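Remarks on the structure that follows.
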Amino acid sequence: MSDQSNSTDIKDDVDALATDQDDADRDYVASLARGLEVICAFTRDKPTMTLSDVAKATGMSRATARRLLLTLVREGYAEKRERDFSLRPKVLQLGYSALASVGILDVVQPVMNALSQRTQESIYTAVLTGDDVTYLARSTPDRVISVSINIGNRLPAYAVSTGRVLLAGESDAALERYFARLTLEKHTTNTVRTIKQLRAVIEETRELGYSLVDEELEVGVRSLSVPIYDAAGHVIAALNACCPSMRFPVEDMREKLVPELRAAAKSINERFQQG
């Protein structure tokens, strides 16, 4: 093949890549991306923020943050009280619409109900939303004493078993970005203290295929989670059991609840495989 032919082929490849990039740029809606970034800036620890807080959290100018916040207020996804902004329940529709489209709630709820009655423990399904987990479905037993987390609650991913299972399903690159922006807070004396410790815990979660958290977010509560996969084998949610510490020692949870949750997750995964 001549040098001229090689040069022509290379030029064609470069032109094709440039065209693909131009198409991608034209299809990218920056204002939508920034609006979603503003929504994700609100967390359990920061449910209410000023305009300056949002601008700082997102790295946007005050003018850009203001336009996006006021748009969210006008559309009913946020509210403004004097200088403070906060999200409204309507924002949950975004998550529920996505989940409904893949049918996850219809699939997990009956399995959760059966698991809760069989184990007599509180069972939840959660997904990763930014740096938090959001609880989307629950089933509670008939016991007088049980752990209660409301649907829609957001908790820091690093401190709960659902979060660690979901983080374990992320790529190494995504995890590095997460670690780079993460600030660990001490919720109890058991809370993981360093990024190094958290790395080791997430790696252990990958190896074990489950996460058990012992009173790291709240004293008196132990939590166990396993991953839920979609038809393509990607981790899309976590199946979780929350138990009062006084009732369930750690080793009993490993021996009795791990097999129960794995069997339930396998049933859910098979349903997704069936389409």
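Identifiers in the structure tokens: chain A, B, ... in order shown; residue index from 1 per chain; ligand index from 1 in order shown.
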*Determine, counting only C-alpha atoms, which protein, DNA and RNA residues have an atom within 12 Å of an atom of Thr183 in chain A; residues of the same chain fewer than 2 positions away are not included. Present the result as a list in words.*
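Answer for this query is Asp45, Asp131, Pro156, Ala157, Tyr158, Ala159, Tyr178, Phe179, Ala180, Arg181, Glu185, Lys186, Val192, Arg193, Thr194, Ile195 and Leu198 of chain A.
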Residues just named, written with all heavy atoms as a CSV table (one decimal), in the first residue's frame:
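Below you can see out.csv, which holds the result:
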chain,number,residue,atom,x,y,z
A,45,ASP,N,-27.3,15.6,54.3
A,45,ASP,CA,-26.6,16.6,55.2
A,45,ASP,C,-26.9,18.0,54.8
A,45,ASP,O,-26.7,18.9,55.6
A,45,ASP,CB,-25.1,16.3,55.2
A,45,ASP,CG,-24.8,14.9,55.8
A,45,ASP,OD1,-25.6,14.5,56.7
A,45,ASP,OD2,-23.9,14.2,55.4
A,131,ASP,N,-23.7,10.8,45.6
A,131,ASP,CA,-22.9,10.2,46.6
A,131,ASP,C,-23.7,9.6,47.7
A,131,ASP,O,-23.1,9.2,48.8
A,131,ASP,CB,-21.9,11.3,47.2
A,131,ASP,CG,-20.9,11.8,46.2
A,131,ASP,OD1,-20.8,11.1,45.1
A,131,ASP,OD2,-20.3,12.8,46.4
A,156,PRO,N,-25.8,8.6,53.4
A,156,PRO,CA,-24.4,8.6,52.8
A,156,PRO,C,-24.0,7.2,52.4
A,156,PRO,O,-24.0,6.3,53.2
A,156,PRO,CB,-23.5,9.2,53.9
A,156,PRO,CG,-24.3,9.0,55.2
A,156,PRO,CD,-25.8,9.1,54.8
A,157,ALA,N,-23.5,7.1,51.2
A,157,ALA,CA,-23.2,5.7,50.7
A,157,ALA,C,-22.1,5.0,51.4
A,157,ALA,O,-22.2,3.8,51.6
A,157,ALA,CB,-22.9,5.8,49.2
A,158,TYR,N,-21.1,5.8,51.9
A,158,TYR,CA,-20.0,5.2,52.6
A,158,TYR,C,-20.3,4.5,53.9
A,158,TYR,O,-19.6,3.7,54.4
A,158,TYR,CB,-18.9,6.2,52.7
A,158,TYR,CG,-19.2,7.3,53.7
A,158,TYR,CD1,-18.9,7.1,55.1
A,158,TYR,CD2,-19.6,8.5,53.3
A,158,TYR,CE1,-19.2,8.1,56.0
A,158,TYR,CE2,-19.9,9.5,54.2
A,158,TYR,CZ,-19.7,9.3,55.5
A,158,TYR,OH,-20.0,10.4,56.4
A,159,ALA,N,-21.4,5.0,54.5
A,159,ALA,CA,-21.7,4.5,55.9
A,159,ALA,C,-22.8,3.5,56.0
A,159,ALA,O,-23.1,3.0,57.1
A,159,ALA,CB,-22.2,5.8,56.7
A,178,TYR,N,-15.2,9.4,43.1
A,178,TYR,CA,-15.9,9.4,44.4
A,178,TYR,C,-15.0,9.7,45.6
A,178,TYR,O,-15.3,10.6,46.4
A,178,TYR,CB,-16.7,8.1,44.6
A,178,TYR,CG,-17.4,8.0,45.9
A,178,TYR,CD1,-18.5,8.7,46.2
A,178,TYR,CD2,-16.9,7.0,46.8
A,178,TYR,CE1,-19.1,8.5,47.5
A,178,TYR,CE2,-17.5,6.9,48.1
A,178,TYR,CZ,-18.6,7.6,48.4
A,178,TYR,OH,-19.2,7.4,49.6
A,179,PHE,N,-13.9,9.0,45.7
A,179,PHE,CA,-13.0,9.1,46.8
A,179,PHE,C,-12.4,10.5,46.8
A,179,PHE,O,-12.2,11.1,47.9
A,179,PHE,CB,-11.9,8.1,46.7
A,179,PHE,CG,-12.3,6.7,46.9
A,179,PHE,CD1,-11.7,5.7,46.2
A,179,PHE,CD2,-13.2,6.4,47.9
A,179,PHE,CE1,-12.1,4.3,46.4
A,179,PHE,CE2,-13.6,5.1,48.1
A,179,PHE,CZ,-13.1,4.0,47.4
A,180,ALA,N,-12.2,11.1,45.6
A,180,ALA,CA,-11.5,12.4,45.5
A,180,ALA,C,-12.4,13.5,46.1
A,180,ALA,O,-11.9,14.5,46.6
A,180,ALA,CB,-11.2,12.7,44.1
A,181,ARG,N,-13.7,13.4,46.0
A,181,ARG,CA,-14.6,14.4,46.4
A,181,ARG,C,-15.2,14.1,47.8
A,181,ARG,O,-16.0,15.0,48.4
A,181,ARG,CB,-15.7,14.7,45.4
A,181,ARG,CG,-16.6,13.5,45.2
A,181,ARG,CD,-17.7,13.9,44.2
A,181,ARG,NE,-18.6,12.7,43.9
A,181,ARG,CZ,-18.5,11.8,43.0
A,181,ARG,NH1,-17.5,12.0,42.1
A,181,ARG,NH2,-19.3,10.8,42.8
A,185,GLU,N,-17.7,11.7,57.5
A,185,GLU,CA,-18.2,12.2,58.8
A,185,GLU,C,-18.3,11.1,59.8
A,185,GLU,O,-18.7,10.0,59.4
A,185,GLU,CB,-19.5,13.0,58.5
A,185,GLU,CG,-19.4,14.2,57.7
A,185,GLU,CD,-20.7,15.0,57.6
A,185,GLU,OE1,-21.5,14.8,58.5
A,185,GLU,OE2,-20.8,15.8,56.7
A,186,LYS,N,-18.1,11.4,61.0
A,186,LYS,CA,-18.2,10.4,62.1
A,186,LYS,C,-19.6,10.4,62.6
A,186,LYS,O,-20.0,11.3,63.4
A,186,LYS,CB,-17.1,10.7,63.2
A,186,LYS,CG,-17.1,9.6,64.3
A,186,LYS,CD,-16.1,10.0,65.3
A,186,LYS,CE,-16.0,8.9,66.4
A,186,LYS,NZ,-15.0,9.3,67.5
A,192,VAL,N,-16.5,4.2,59.5
A,192,VAL,CA,-15.2,4.2,58.8
A,192,VAL,C,-14.5,5.5,58.9
A,192,VAL,O,-15.2,6.6,58.6
A,192,VAL,CB,-15.3,3.7,57.4
A,192,VAL,CG1,-16.1,4.7,56.5
A,192,VAL,CG2,-14.0,3.4,56.7
A,193,ARG,N,-13.2,5.6,59.2
A,193,ARG,CA,-12.5,6.8,59.4
A,193,ARG,C,-11.7,7.4,58.3
A,193,ARG,O,-11.5,8.6,58.2
A,193,ARG,CB,-11.6,6.7,60.7
A,193,ARG,CG,-12.4,6.5,62.0
A,193,ARG,CD,-11.4,6.2,63.1
A,193,ARG,NE,-12.0,6.2,64.4
A,193,ARG,CZ,-12.7,5.1,64.9
A,193,ARG,NH1,-12.7,4.0,64.1
A,193,ARG,NH2,-13.3,5.1,66.1
A,194,THR,N,-11.2,6.6,57.4
A,194,THR,CA,-10.3,7.0,56.4
A,194,THR,C,-10.7,6.5,55.0
A,194,THR,O,-11.3,5.4,54.9
A,194,THR,CB,-8.8,6.6,56.7
A,194,THR,OG1,-8.7,5.2,56.6
A,194,THR,CG2,-8.4,7.1,58.1
A,195,ILE,N,-10.2,7.2,54.0
A,195,ILE,CA,-10.5,6.7,52.6
A,195,ILE,C,-9.8,5.3,52.4
A,195,ILE,O,-10.3,4.5,51.7
A,195,ILE,CB,-10.0,7.7,51.6
A,195,ILE,CG1,-10.7,9.0,51.7
A,195,ILE,CG2,-10.1,7.2,50.2
A,195,ILE,CD1,-12.2,9.0,51.5
A,198,LEU,N,-12.0,2.7,53.8
A,198,LEU,CA,-13.2,2.6,52.9
A,198,LEU,C,-12.8,1.8,51.6
A,198,LEU,O,-13.6,1.0,51.2
A,198,LEU,CB,-13.8,3.9,52.6
A,198,LEU,CG,-15.0,3.9,51.7
A,198,LEU,CD1,-16.2,3.2,52.4
A,198,LEU,CD2,-15.5,5.4,51.4
*Hey, what does DSSP flag as helix (DSSP H, G or I) within range 106-156 of chain A? Can you give it to me as a list in words?*
Asp106, Val107, Val108, Gln109, Pro110, Val111, Met112, Asn113, Ala114, Leu115, Ser116, Gln117, Arg118 and Thr119 of chain A
*What is the CA of Ile228 in chain A-CA of Leu128 in chain A distance in Å, reported with one decimal?*
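Spanning CA of Ile228 in chain A to CA of Leu128 in chain A is a straight-line distance of 12.1 Å.
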*Counting only C-alpha atoms, figure out which residue out of A:Leu32, A:Leu155, A:Met112, A:Val226 gets nearest to Lys46 in chain A.*
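Going through A:Leu32, A:Leu155, A:Met112, A:Val226 one by one, the smallest distance to Lys46 in chain A is for A:Leu155.
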_What's around range 205-217 of chain A at 7 Å? Count only C-alpha atoms, leave out sequence neighbours fewer than 6 positions away in its own chain, and write the answer as a list in words._
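Final neighbour list, sorted by chain and number: Ala159, Val160, Ser161, Arg164, Val165, Ala168, His187, Thr188, Asn190, Thr191, Ser223, Leu224, Ser225 and Val226 of chain A.
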*Between CA of Ile268 in chain A and CA of Ala238 in chain A, what is the spacing in Å?*
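Between these atoms lies a distance of 11.0 Å.
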List every residue of range 99-199 of chain A that has an atom at most 12 Å from any atom of range 78-91 of chain A, giving for each one its closest atom pair and the distance in Å to one decimal, counting only C-alpha atoms, sorted by chain and then by ascending residue number, as a Markdown table.
| residue | atom | partner | partner_atom | distance |
| --- | --- | --- | --- | --- |
| A:Ile151 | CA | A:Pro89 | CA | 11.2 |
| A:Gly152 | CA | A:Pro89 | CA | 8.7 |
| A:Asn153 | CA | A:Pro89 | CA | 11.1 |
Export, as a PDB file, in the first residue's frame, the selected residues with all heavy atoms.
ATOM      1  N   ILE A 151     -39.418   5.539  52.487  1.00  0.00           N
ATOM      2  CA  ILE A 151     -39.140   5.575  51.060  1.00  0.00           C
ATOM      3  C   ILE A 151     -38.780   7.005  50.668  1.00  0.00           C
ATOM      4  O   ILE A 151     -39.441   7.961  51.065  1.00  0.00           O
ATOM      5  CB  ILE A 151     -40.363   5.088  50.254  1.00  0.00           C
ATOM      6  CG1 ILE A 151     -40.592   3.596  50.516  1.00  0.00           C
ATOM      7  CG2 ILE A 151     -40.160   5.342  48.768  1.00  0.00           C
ATOM      8  CD1 ILE A 151     -41.834   3.059  49.855  1.00  0.00           C
ATOM      9  N   GLY A 152     -37.703   7.133  49.911  1.00  0.00           N
ATOM     10  CA  GLY A 152     -37.228   8.460  49.520  1.00  0.00           C
ATOM     11  C   GLY A 152     -36.094   8.970  50.386  1.00  0.00           C
ATOM     12  O   GLY A 152     -35.437   9.950  50.029  1.00  0.00           O
ATOM     13  N   ASN A 153     -35.858   8.327  51.528  1.00  0.00           N
ATOM     14  CA  ASN A 153     -34.737   8.734  52.382  1.00  0.00           C
ATOM     15  C   ASN A 153     -33.412   8.583  51.651  1.00  0.00           C
ATOM     16  O   ASN A 153     -33.204   7.612  50.924  1.00  0.00           O
ATOM     17  CB  ASN A 153     -34.688   7.889  53.655  1.00  0.00           C
ATOM     18  CG  ASN A 153     -35.562   8.457  54.759  1.00  0.00           C
ATOM     19  OD1 ASN A 153     -36.444   9.270  54.510  1.00  0.00           O
ATOM     20  ND2 ASN A 153     -35.331   8.018  55.983  1.00  0.00           N
TER      21      ASN A 153
END
_Residue with smallest distance to Ala231 in chain A - pool A:Arg199, A:Arg271, A:Arg118, A:Arg154, counting only C-alpha atoms_ = A:Arg271
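Shell of Pro244 in chain A at 10 Å, with only C-alpha atoms counted and residues fewer than 2 places along the chain excluded, is Glu121, Ser122, Ile145, Ser146, Val147, Glu215, Val219, Gly220, Val221, Arg222, Ser223, Cys242, Met246, Arg247, Phe248 and Pro249 of chain A.
From CA of Ala200 in chain A back to CA of Leu136 in chain A, the distance works out to 27.6 Å.
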_Contacts of Ser267 in chain A within 12 Å, only C-alpha atoms, excl. fewer than 3 positions in-chain, as a PyMOL selection string_ = chain A and resi 107-112+114-115+227-230+239+260-264+270-274
_Expected answer as a PyMOL selection string: strand (DSSP E or B) residues in range 64-173 of chain A_ = chain A and resi 78-81+84-87+122-129+132-139+154-156
Let's have the selection written as a compact mmCIF listing (two decimals), in the first residue's frame, with C-alpha atoms.
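Result saved to result.txt:
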# COMPACT_ATOMS: atom_id res chain seq x y z
CA ALA A 78 -37.73 22.90 44.33
CA GLU A 79 -38.95 25.63 46.64
CA LYS A 80 -37.52 28.93 47.89
CA ARG A 81 -38.03 30.36 51.34
CA ASP A 84 -32.92 29.17 51.18
CA PHE A 85 -33.67 26.58 48.49
CA SER A 86 -34.73 22.95 49.00
CA LEU A 87 -36.07 20.13 46.85
CA SER A 122 -37.28 -4.87 57.60
CA ILE A 123 -36.33 -5.25 53.92
CA TYR A 124 -35.44 -2.42 51.52
CA THR A 125 -34.32 -1.75 47.98
CA ALA A 126 -32.02 1.22 47.35
CA VAL A 127 -30.16 2.80 44.43
CA LEU A 128 -27.13 5.07 44.15
CA THR A 129 -28.02 8.75 43.68
CA ASP A 132 -25.90 8.97 48.56
CA VAL A 133 -28.24 6.03 48.39
CA THR A 134 -31.99 6.54 48.03
CA TYR A 135 -34.45 4.00 49.40
CA LEU A 136 -37.13 3.19 46.84
CA ALA A 137 -39.12 0.29 48.26
CA ARG A 138 -39.62 -1.35 51.63
CA SER A 139 -41.41 -4.19 53.32
CA ARG A 154 -31.16 9.48 51.30
CA LEU A 155 -28.19 8.27 53.34
CA PRO A 156 -24.41 8.65 52.78
